[in-house]
Amino acid sequence: MSRVQQIASNFYCIDTHDLNREQRTSSYLLIDEKITLIETSASPSVPYIMEGLKELNIALEDIHYVIVTHIHLDHAGGAGLFLQSCPNAKLVVHPRGAAHMIDPSRLIFSAKGVYGAEFDRLFDPIVPIDAARIIEVSHEQRLDLGQHHLTFYHTEGHAKHHVSMLYSATNGLFVGDTTGVRYPEMDGEAIDLIIPSTSPNQYNPETMEQSIQLYEKLQAAELYFGHYGAYKNPAEAYRQVRYWTPLFLAEGKKAQAASSDFQEQVHYLDARLKELLFSYLQENGIPTDHPVYQTIPFDTIVSSMGILDYLEKVNAQVPL
């Protein structure tokens, strides 16, 4: 099976096999005068990106920009390793993220807190990037690629260091994780499933809603998800994030009431989120042997941590 899917003319999605899973995390290639790669995923994904570029006959020295929507390791962890093979490329990133790409020690520490013993298998190595190779982008900044351009927007909610980009060729938005996780396993089914991505430690449902309102004002024709792929019904994506968010938060409050121990809260909430999602699927006729049931637990555990982290900060009146 090819790792490359064409979205539009000179526009491709490369499957990075993040977490050793197909259609988990997208990397996007824009072929223009300045060839641009969007998202590298984690370092173990870099060989898959290389294979995709080879399939498209793209030389590494011809890549001009590497853009990351945010610096979480499943989107940007492989950027330093990838740039070692791209001598003419520069990294484009939110100003809040630049320092962490230069010195990733805090990123590594944070990820180890979430993933524990699995960190090395999923993310190693994290390679620092020379400051001279980094471009920080401001809100509404335009980046010309040649015939087409990207317009950047600072879009908090999933993370404070998150950018989204409107692509002039398609009027489509690269949304990273701001509109959540889309399950491509559901393509061809009667319903879609898109859930908010609430991973720690900067999740904020209020600023996520503000970012979605910005997307609505931009009237994008389609969305390009970090997880996963192109999606032609933006209104449904926004609707589902708004549907699931209050349910997730309500279950998080129940978890806090059930125990004072954070790990017990996470276990409780993870189980409840799976129950909610599985019930929704079954009520809509999705059989229990459908592959989506195997994928959802990858997200509910990390999302549970982020919801509880957010609620803990709210309870302690910690500035978000």
# chains A, B, ... in the order shown; residues from 1 in each chain; ligands from 1
>>> residues_around(residues="segment 49-65 of chain A", least_positions_apart="6", cutoff="12 Å", atoms="only C-alpha atoms", output="ChimeraX atom specification")
/A:1-6,10-18,25-43,78-79,81-93,133-135,143-146,150
>>> residues_around(residues="Met186 of chain A", least_positions_apart="2", cutoff="12 Å", atoms="only C-alpha atoms", output="list of chain:residue names")
A:Gln23, A:Arg182, A:Tyr183, A:Pro184, A:Gly188, A:Glu189, A:Ala190, A:Ile191, A:Asp192, A:Leu193, A:Ile194, A:Tyr228, A:Tyr231, A:Leu281, A:Asn284, A:Gly285, A:Ile286, A:Pro287, A:His290, A:Pro291, A:Val292, A:Tyr293, A:Thr295, A:Ile296
>>> atom_distance(atom1="atom CA of Val127 of chain A", atom2="atom CA of Ile67 of chain A")
15.9 Å
>>> residues_around(residues="segment 233-241 of chain A", least_positions_apart="5", cutoff="12 Å", atoms="only C-alpha atoms", output="JSON, numbers by chain")
{"A": [157, 158, 171, 172, 173, 174, 175, 177, 178, 179, 180, 181, 182, 183, 191, 192, 193, 194, 195, 196, 197, 198, 205, 208, 209, 210, 211, 212, 213, 214, 215, 216, 217, 218, 219, 220, 221, 222, 223, 224, 225, 246, 247, 248, 277, 280]}
>>> residues_around(residues="segment 305-308 of chain A", least_positions_apart="5", cutoff="10 Å", atoms="only C-alpha atoms", output="PyMOL selection string")
chain A and resi 114+158+197-205+245+248-253+255-256+262-263+265-267+269-270+300+313-314
>>> atom_distance(atom1="atom CA of His75 of chain A", atom2="atom CA of Arg272 of chain A")
27.2 Å
>>> atom_distance(atom1="atom CA of Glu140 of chain A", atom2="atom CA of Leu166 of chain A")
9.7 Å
>>> closest_residue(among="A:Asp130, A:Glu185, A:Glu22, A:Glu136", to="Val68 of chain A", atoms="only C-alpha atoms")
A:Glu136
>>> closest_residue(among="A:Leu276, A:Leu19, A:Met101, A:Ile7", to="Ala132 of chain A", atoms="only C-alpha atoms")
A:Met101
